[in-house]
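Trainee: What follows is the file coords-v2.cif, containing mmCIF, C-alpha atoms:
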data_entry
loop_
_atom_site.label_atom_id
_atom_site.label_comp_id
_atom_site.auth_asym_id
_atom_site.auth_seq_id
_atom_site.Cartn_x
_atom_site.Cartn_y
_atom_site.Cartn_z
CA MET A 1 -36.98 -23.68 45.66
CA ASP A 2 -39.11 -21.57 43.30
CA HIS A 3 -36.45 -18.87 43.29
CA LYS A 4 -33.82 -21.43 42.26
CA MET A 5 -36.01 -22.73 39.44
CA ASP A 6 -36.64 -19.17 38.22
CA TYR A 7 -32.92 -18.47 38.35
CA ASP A 8 -32.11 -21.65 36.36
CA LYS A 9 -34.77 -20.73 33.79
CA ILE A 10 -33.39 -17.21 33.41
CA GLU A 11 -29.86 -18.53 33.07
CA ARG A 12 -30.97 -21.12 30.49
CA ASN A 13 -32.80 -18.45 28.48
CA ALA A 14 -29.72 -16.21 28.64
CA ARG A 15 -27.56 -19.04 27.28
CA VAL A 16 -30.05 -19.67 24.46
CA ARG A 17 -30.11 -15.97 23.55
CA GLN A 18 -26.34 -15.81 23.60
CA ARG A 19 -26.13 -18.92 21.40
CA VAL A 20 -28.58 -17.41 18.92
CA ILE A 21 -26.63 -14.15 18.87
CA ASN A 22 -23.38 -16.07 18.27
CA ILE A 23 -24.93 -18.04 15.41
CA ILE A 24 -26.27 -14.88 13.75
CA THR A 25 -22.90 -13.17 14.23
CA TYR A 26 -20.95 -16.05 12.70
CA LEU A 27 -23.40 -16.34 9.81
CA PHE A 28 -23.01 -12.64 9.08
CA LEU A 29 -19.20 -12.88 9.30
CA ALA A 30 -19.19 -15.92 7.02
CA PHE A 31 -21.42 -14.12 4.51
CA TRP A 32 -19.16 -11.06 4.62
CA ALA A 33 -16.06 -13.24 4.24
CA VAL A 34 -17.53 -14.78 1.09
CA ILE A 35 -18.17 -11.31 -0.34
CA VAL A 36 -14.64 -10.16 0.48
CA LEU A 37 -12.88 -13.32 -0.73
CA PHE A 38 -14.94 -13.89 -3.87
CA PRO A 39 -12.90 -11.46 -6.03
CA PHE A 40 -9.74 -13.36 -5.09
CA TYR A 41 -11.39 -16.66 -5.96
CA TRP A 42 -12.58 -15.23 -9.29
CA MET A 43 -9.08 -13.88 -10.01
CA ILE A 44 -7.44 -17.27 -9.39
CA LEU A 45 -10.19 -19.14 -11.27
CA THR A 46 -9.85 -16.89 -14.33
CA SER A 47 -6.06 -17.24 -14.25
CA VAL A 48 -6.31 -21.03 -14.73
CA LYS A 49 -8.85 -20.89 -17.57
CA SER A 50 -7.51 -21.14 -21.10
CA TYR A 51 -7.82 -18.13 -23.37
CA GLY A 52 -10.24 -19.97 -25.67
CA ALA A 53 -12.36 -21.38 -22.85
CA TYR A 54 -12.70 -17.99 -21.18
CA ASN A 55 -13.74 -16.19 -24.37
CA SER A 56 -16.21 -18.95 -25.30
CA GLU A 57 -18.17 -18.50 -22.06
CA PHE A 58 -21.29 -16.48 -22.81
CA ILE A 59 -22.32 -16.99 -19.20
CA PRO A 60 -19.37 -16.92 -16.72
CA LYS A 61 -18.79 -20.24 -14.97
CA PHE A 62 -17.81 -20.45 -11.32
CA PHE A 63 -15.54 -23.47 -11.86
CA THR A 64 -13.42 -25.11 -14.52
CA LEU A 65 -12.86 -28.78 -15.28
CA SER A 66 -9.68 -28.18 -17.29
CA PRO A 67 -7.41 -25.81 -15.38
CA THR A 68 -4.16 -24.73 -17.02
CA LEU A 69 -1.02 -22.86 -15.96
CA GLN A 70 -0.36 -21.64 -19.49
CA ASN A 71 -1.54 -18.14 -18.59
CA TYR A 72 1.26 -17.79 -16.03
CA GLY A 73 3.81 -18.58 -18.69
CA ASP A 74 2.12 -16.16 -21.07
CA ALA A 75 2.21 -13.44 -18.42
CA PHE A 76 6.01 -13.63 -18.36
CA THR A 77 6.56 -14.17 -22.09
CA THR A 78 4.03 -11.71 -23.48
CA VAL A 79 5.77 -8.84 -21.68
CA PRO A 80 8.98 -8.73 -19.59
CA LEU A 81 6.99 -9.10 -16.36
CA GLY A 82 10.11 -10.18 -14.45
CA LYS A 83 11.79 -6.89 -15.30
CA TYR A 84 8.68 -4.96 -14.30
CA LEU A 85 8.66 -6.79 -10.96
CA THR A 86 12.32 -5.91 -10.42
CA ASN A 87 11.61 -2.26 -11.23
CA THR A 88 8.66 -2.25 -8.84
CA VAL A 89 10.70 -3.78 -6.01
CA LEU A 90 13.45 -1.20 -6.54
CA PHE A 91 10.90 1.61 -6.68
CA ALA A 92 9.10 0.44 -3.51
CA VAL A 93 12.25 -0.21 -1.45
CA VAL A 94 14.09 3.01 -2.34
CA THR A 95 10.99 5.20 -2.04
CA THR A 96 10.03 3.70 1.33
CA ALA A 97 13.58 3.97 2.72
CA ILE A 98 13.94 7.64 1.76
CA MET A 99 10.44 8.44 3.01
CA LEU A 100 11.11 6.83 6.41
CA ALA A 101 14.24 8.96 6.86
CA VAL A 102 12.39 12.15 5.85
CA ILE A 103 9.24 11.64 7.92
CA THR A 104 11.17 10.45 11.00
CA LEU A 105 13.29 13.60 11.08
CA ALA A 106 10.28 15.81 10.38
CA ALA A 107 8.15 14.14 13.05
CA PHE A 108 10.98 14.40 15.58
CA ALA A 109 11.40 18.12 14.86
CA PHE A 110 7.68 18.83 15.32
CA ALA A 111 7.37 16.57 18.39
CA ARG A 112 10.49 17.40 20.40
CA LEU A 113 12.41 20.41 19.13
CA GLN A 114 11.45 23.93 20.13
CA PHE A 115 11.72 26.65 17.51
CA LYS A 116 9.86 29.85 16.69
CA GLY A 117 6.68 29.41 14.69
CA LYS A 118 6.57 25.61 15.10
CA ASN A 119 2.82 25.39 15.71
CA ILE A 120 1.94 27.71 12.83
CA MET A 121 4.30 25.85 10.54
CA PHE A 122 2.74 22.52 11.51
CA VAL A 123 -0.78 23.84 10.84
CA ILE A 124 0.32 25.04 7.40
CA PHE A 125 2.00 21.67 6.87
CA LEU A 126 -1.22 19.82 7.72
CA SER A 127 -3.21 22.07 5.41
CA LEU A 128 -1.33 20.48 2.51
CA MET A 129 -3.55 17.43 3.03
CA MET A 130 -6.45 19.53 1.75
CA ILE A 131 -4.89 19.95 -1.69
CA PRO A 132 -6.45 17.55 -4.24
CA ASN A 133 -4.13 14.86 -5.56
CA GLU A 134 -4.88 15.90 -9.12
CA LEU A 135 -3.30 19.30 -8.54
CA VAL A 136 -0.26 17.70 -6.93
CA ILE A 137 0.17 15.29 -9.85
CA ILE A 138 -0.01 18.14 -12.35
CA THR A 139 2.56 20.17 -10.42
CA ASN A 140 4.87 17.17 -10.03
CA PHE A 141 4.57 16.33 -13.72
CA VAL A 142 5.52 19.85 -14.77
CA THR A 143 8.42 19.93 -12.30
CA VAL A 144 9.80 16.53 -13.26
CA THR A 145 9.47 17.33 -16.96
CA ASN A 146 11.26 20.66 -16.56
CA LEU A 147 14.05 18.92 -14.69
CA ASP A 148 14.35 16.39 -17.54
CA MET A 149 13.68 13.45 -15.21
CA ARG A 150 10.97 11.69 -17.21
CA ASN A 151 11.73 8.00 -17.82
CA THR A 152 14.12 7.91 -14.86
CA PHE A 153 13.89 6.24 -11.47
CA ALA A 154 14.56 9.62 -9.86
CA GLY A 155 11.47 11.00 -11.55
CA LEU A 156 9.44 8.05 -10.31
CA ILE A 157 10.74 8.15 -6.74
CA LEU A 158 11.23 11.78 -5.69
CA PRO A 159 7.55 12.90 -5.75
CA SER A 160 6.66 10.00 -3.44
CA VAL A 161 9.22 10.41 -0.65
CA MET A 162 7.07 12.67 1.52
CA SER A 163 3.74 12.10 3.23
CA VAL A 164 2.01 14.67 5.42
CA PHE A 165 -0.24 12.02 6.95
CA TYR A 166 2.64 9.76 7.96
CA VAL A 167 4.50 12.72 9.51
CA TYR A 168 1.39 13.54 11.53
CA LEU A 169 0.92 9.90 12.58
CA LEU A 170 4.53 9.52 13.67
CA LYS A 171 4.57 12.92 15.43
CA GLU A 172 1.56 11.91 17.52
CA ASN A 173 3.35 8.67 18.40
CA PHE A 174 6.55 10.47 19.37
CA GLU A 175 4.63 12.87 21.59
CA GLN A 176 3.33 9.94 23.65
CA ILE A 177 6.88 9.25 24.85
CA PRO A 178 7.34 10.92 28.28
CA ASP A 179 9.30 14.18 28.28
CA SER A 180 11.25 12.91 31.31
CA LEU A 181 13.13 10.49 29.06
CA TYR A 182 14.22 13.33 26.80
CA TYR A 183 15.33 15.58 29.66
CA ALA A 184 17.21 12.71 31.33
CA ALA A 185 19.00 11.97 28.06
CA LYS A 186 19.95 15.63 27.66
CA VAL A 187 21.36 15.68 31.21
CA ASP A 188 23.54 12.71 30.25
CA GLY A 189 24.84 14.68 27.28
CA THR A 190 22.95 12.67 24.64
CA SER A 191 22.51 14.45 21.32
CA ASP A 192 19.08 14.81 19.72
CA LEU A 193 20.01 12.46 16.89
CA LYS A 194 21.29 9.79 19.28
CA TYR A 195 18.14 10.12 21.42
CA LEU A 196 16.02 9.70 18.29
CA LEU A 197 17.93 6.59 17.18
CA LYS A 198 18.34 4.94 20.60
CA VAL A 199 15.06 5.81 22.33
CA MET A 200 12.27 7.14 20.13
CA ILE A 201 12.64 4.87 17.12
CA PRO A 202 12.78 1.60 19.17
CA ILE A 203 9.72 2.64 21.19
CA SER A 204 7.81 3.60 18.04
CA LYS A 205 8.83 0.51 16.07
CA PRO A 206 5.25 -0.86 15.64
CA THR A 207 4.11 2.43 14.09
CA LEU A 208 7.17 2.58 11.84
CA ILE A 209 6.59 -0.99 10.67
CA THR A 210 2.96 -0.16 9.93
CA ILE A 211 3.97 2.92 7.93
CA THR A 212 6.58 0.89 6.07
CA ILE A 213 4.10 -1.80 5.03
CA LEU A 214 1.46 0.74 4.01
CA LYS A 215 4.00 2.65 1.93
CA VAL A 216 5.27 -0.50 0.23
CA ILE A 217 1.70 -1.44 -0.67
CA GLU A 218 1.07 2.09 -1.93
CA CYS A 219 4.18 1.95 -4.14
CA TRP A 220 3.37 -1.56 -5.35
CA ASN A 221 -0.13 -0.50 -6.40
CA SER A 222 0.94 2.85 -7.85
CA TYR A 223 -0.57 3.33 -11.29
CA VAL A 224 -1.36 6.92 -12.26
CA TRP A 225 2.05 8.50 -11.62
CA PRO A 226 4.17 5.71 -13.22
CA ARG A 227 1.79 5.63 -16.19
CA LEU A 228 2.07 9.39 -16.56
CA ILE A 229 5.81 9.85 -16.16
CA THR A 230 7.19 6.81 -18.05
CA ASP A 231 6.80 5.68 -21.64
CA ASP A 232 10.03 3.67 -21.76
CA GLU A 233 9.67 -0.08 -21.07
CA ASN A 234 12.94 -0.05 -19.11
CA TYR A 235 11.18 1.92 -16.36
CA TYR A 236 7.75 0.29 -16.44
CA LEU A 237 6.28 -0.98 -13.18
CA VAL A 238 3.92 -3.95 -12.82
CA SER A 239 0.90 -1.66 -13.26
CA ASN A 240 2.11 -0.86 -16.78
CA GLY A 241 2.83 -4.52 -17.47
CA ILE A 242 -0.68 -5.64 -16.57
CA GLN A 243 -2.17 -3.16 -19.00
CA GLU A 244 0.11 -4.41 -21.78
CA ILE A 245 -0.87 -8.03 -21.14
CA ARG A 246 -4.55 -7.11 -21.27
CA GLU A 247 -4.13 -5.45 -24.65
CA ASN A 248 -2.23 -8.37 -26.15
CA GLY A 249 -5.15 -10.70 -26.86
CA PHE A 250 -5.76 -12.20 -30.28
CA GLY A 251 -8.43 -9.72 -31.30
CA ARG A 252 -9.82 -9.65 -27.74
CA GLU A 253 -8.51 -8.68 -24.32
CA ASN A 254 -6.33 -11.41 -22.83
CA ILE A 255 -8.04 -11.40 -19.44
CA PRO A 256 -6.78 -14.85 -18.25
CA ALA A 257 -3.12 -13.90 -18.75
CA MET A 258 -3.76 -10.56 -17.09
CA MET A 259 -5.34 -12.31 -14.09
CA ALA A 260 -2.36 -14.65 -13.88
CA ALA A 261 -0.09 -11.61 -13.72
CA VAL A 262 -2.29 -10.09 -11.01
CA VAL A 263 -1.99 -13.30 -8.96
CA VAL A 264 1.80 -13.22 -9.27
CA ILE A 265 1.88 -9.55 -8.30
CA SER A 266 -0.51 -10.01 -5.35
CA VAL A 267 1.37 -12.86 -3.69
CA PRO A 268 4.26 -10.70 -2.30
CA LEU A 269 1.80 -8.24 -0.74
CA ILE A 270 -0.27 -11.03 0.81
CA LEU A 271 2.84 -12.67 2.27
CA LEU A 272 4.08 -9.30 3.56
CA PHE A 273 0.84 -8.71 5.41
CA LEU A 274 0.65 -12.25 6.80
CA ILE A 275 4.20 -12.03 8.14
CA PHE A 276 3.78 -8.62 9.79
CA ARG A 277 0.04 -8.66 10.52
CA LYS A 278 0.55 -8.57 14.30
CA LYS A 279 2.89 -5.59 14.03
CA VAL A 280 0.42 -3.83 11.75
CA MET A 281 -2.45 -4.34 14.17
CA GLU A 282 -0.28 -3.24 17.07
CA GLY A 283 0.83 -0.11 15.24
CA VAL A 284 -2.71 0.84 14.21
CA SER A 285 -4.38 0.20 17.58
CA ARG A 286 -1.56 1.44 19.76
CA GLY A 287 -2.74 4.11 22.14
CA GLY A 288 0.10 4.30 24.65
CA THR A 289 3.81 3.70 24.99
CA LYS A 290 5.80 0.67 25.92
CA GLY A 291 7.21 0.64 29.40
#
So, in terms of structure tokens, how does the structure I just supplied come out?
Mentor:
Amino acid sequence: MDHKMDYDKIERNARVRQRVINIITYLFLAFWAVIVLFPFYWMILTSVKSYGAYNSEFIPKFFTLSPTLQNYGDAFTTVPLGKYLTNTVLFAVVTTAIMLAVITLAAFAFARLQFKGKNIMFVIFLSLMMIPNELVIITNFVTVTNLDMRNTFAGLILPSVMSVFYVYLLKENFEQIPDSLYYAAKVDGTSDLKYLLKVMIPISKPTLITITILKVIECWNSYVWPRLITDDENYYLVSNGIQEIRENGFGRENIPAMMAAVVVISVPLILLFLIFRKKVMEGVSRGGTKG
């Protein structure tokens, strides 16, 4: 009887400890969520404050009693934000499509094909990741300028169609596919290209989707290269447009209109992630192959 009472007491104490741990965990997660989400709340709040109300606040207020959508209209009328969005979509889609074709073929070559010096070539290829981005930008700028491709979509796109990291990521994924599938396909007379399209790409779809989303986000948020290589409004991306809106205040920076533009620009990325979040998580955490 005493043993049963001791066991019940131990079990009750264990439940209490677990409940306390859960409460602390959830409180920490809630606190962290507030920290992470606060910038988004501040962005939306600022976007619905009038220009005069925002600039009259000596101490920032965490709410507004007179929200307005005027800033969203100003974001599209102050600068041709719609055109910048179209340019950005074109830039992101074309760049991502070309990059996927390039990295898929490169990853397949390093993962499956046998040729002399492959390992040494791959090590040299990976060493390119050690080169600072600043040096790459300078080299690309000189090259694009010498080729007379400034203020062109080709000049914007071509330097971004290759990624050493994505080739490495996809190569590692391809190498997880059993060799027996490749040898069986070769016995059946399947070409390397057909094997890539019919077997390797479908199996590696979660990783490819993850790479696609990450590349689209990278292109959408690109600032330094577009700012450096374009000075013609016909080729501006949204990053250039936001800067123009900010500088168009009446004697002061027009932060509310700029925040409205940021909200408009952020919505497509948020929707993209929400739609494909499961695929992204699957591609990132994937450690094996599908049967």
Trainee: On this structure, which residues satisfy the PyMOL selection byres ((chain A and resi 55-68) around 10), written as a list of chain:residue names?
Mentor: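 For this structure, the PyMOL selection byres ((chain A and resi 55-68) around 10) captures A:Tyr41, A:Trp42, A:Leu45, A:Thr46, A:Ser47, A:Val48, A:Lys49, A:Ser50, A:Tyr51, A:Gly52, A:Ala53, A:Tyr54, A:Leu69, A:Gln70, A:Asn71, A:Tyr72, A:Arg252, A:Glu253, A:Asn254, A:Ile255, A:Pro256.
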Trainee: Of the candidates A:Leu105, A:Leu181, A:Val199, A:Leu228, which shows the shortest atom-to-atom distance to Leu156 (chain A), using all atoms listed in the file?
Mentor: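 Once distances to Leu156 (chain A) are computed over all atoms listed in the file, the minimum belongs to A:Leu228.
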Trainee: Please indicate the distance in Å from CA of Val187 (chain A) to CA of Ile201 (chain A), rounded to one decimal place.
Mentor: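 Straight-line distance from CA of Val187 (chain A) to CA of Ile201 (chain A) works out to 19.8 Å.
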Trainee: Could you write out as an NGL selection string the residues that the PyMOL selection byres ((chain A and resi 120-131) around 9) matches in the shown file?
Mentor: :A and (110 or 117-119 or 132-136 or 164-165 or 168)
Trainee: What do you get, as number ranges by chain, if you spell out every residue that the PyMOL selection byres ((chain A and resi 258) around 10) selects here?
Mentor: A: 43, 46-47, 71-72, 74-75, 241-249, 253-257, 259-264
Trainee: Please compute the CA of Asp148 (chain A)-CA of Glu233 (chain A) distance, one decimal, in Å.
Mentor: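 Between CA of Asp148 (chain A) and CA of Glu233 (chain A) the gap is 17.5 Å.
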Trainee: Can you work out the spacing between CA of Val238 (chain A) and CA of Tyr84 (chain A) in Å, to one decimal?
Mentor: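 Atom-to-atom, CA of Val238 (chain A) and CA of Tyr84 (chain A) are spaced 5.1 Å apart.
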Trainee: Could you check which of A:Leu169, A:Leu158, A:Val267, A:Ile203 is closest to Trp225 (chain A), using only C-alpha atoms?
Mentor: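 Closest to Trp225 (chain A), using only C-alpha atoms: A:Leu158.
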Trainee: Give the answer as one residue: which of A:Tyr182, A:Gly155, A:Leu147, A:Val224 has the shortest atom-to-atom distance to Lys194 (chain A), using only C-alpha atoms?
Mentor: A:Tyr182
Trainee: Which residue gives the smallest distance to Lys215 (chain A) among A:Ile229, A:Val161, A:Met200, A:Leu37, with only C-alpha atoms counted?
Mentor: A:Val161
Trainee: Go through A:Gln18, A:Leu271, A:Ile138, A:Lys116 and flag the residue nearest Ile213 (chain A), using all atoms listed in the file for the distances.
Mentor: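 Selected residue with least distance to Ile213 (chain A): A:Leu271.
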Trainee: My list of candidates is A:Thr152, A:Asn146, A:Asn13, A:Thr104. Which is closest to Asp232 (chain A) when distances are computed with all atoms listed in the file?
Mentor: A:Thr152
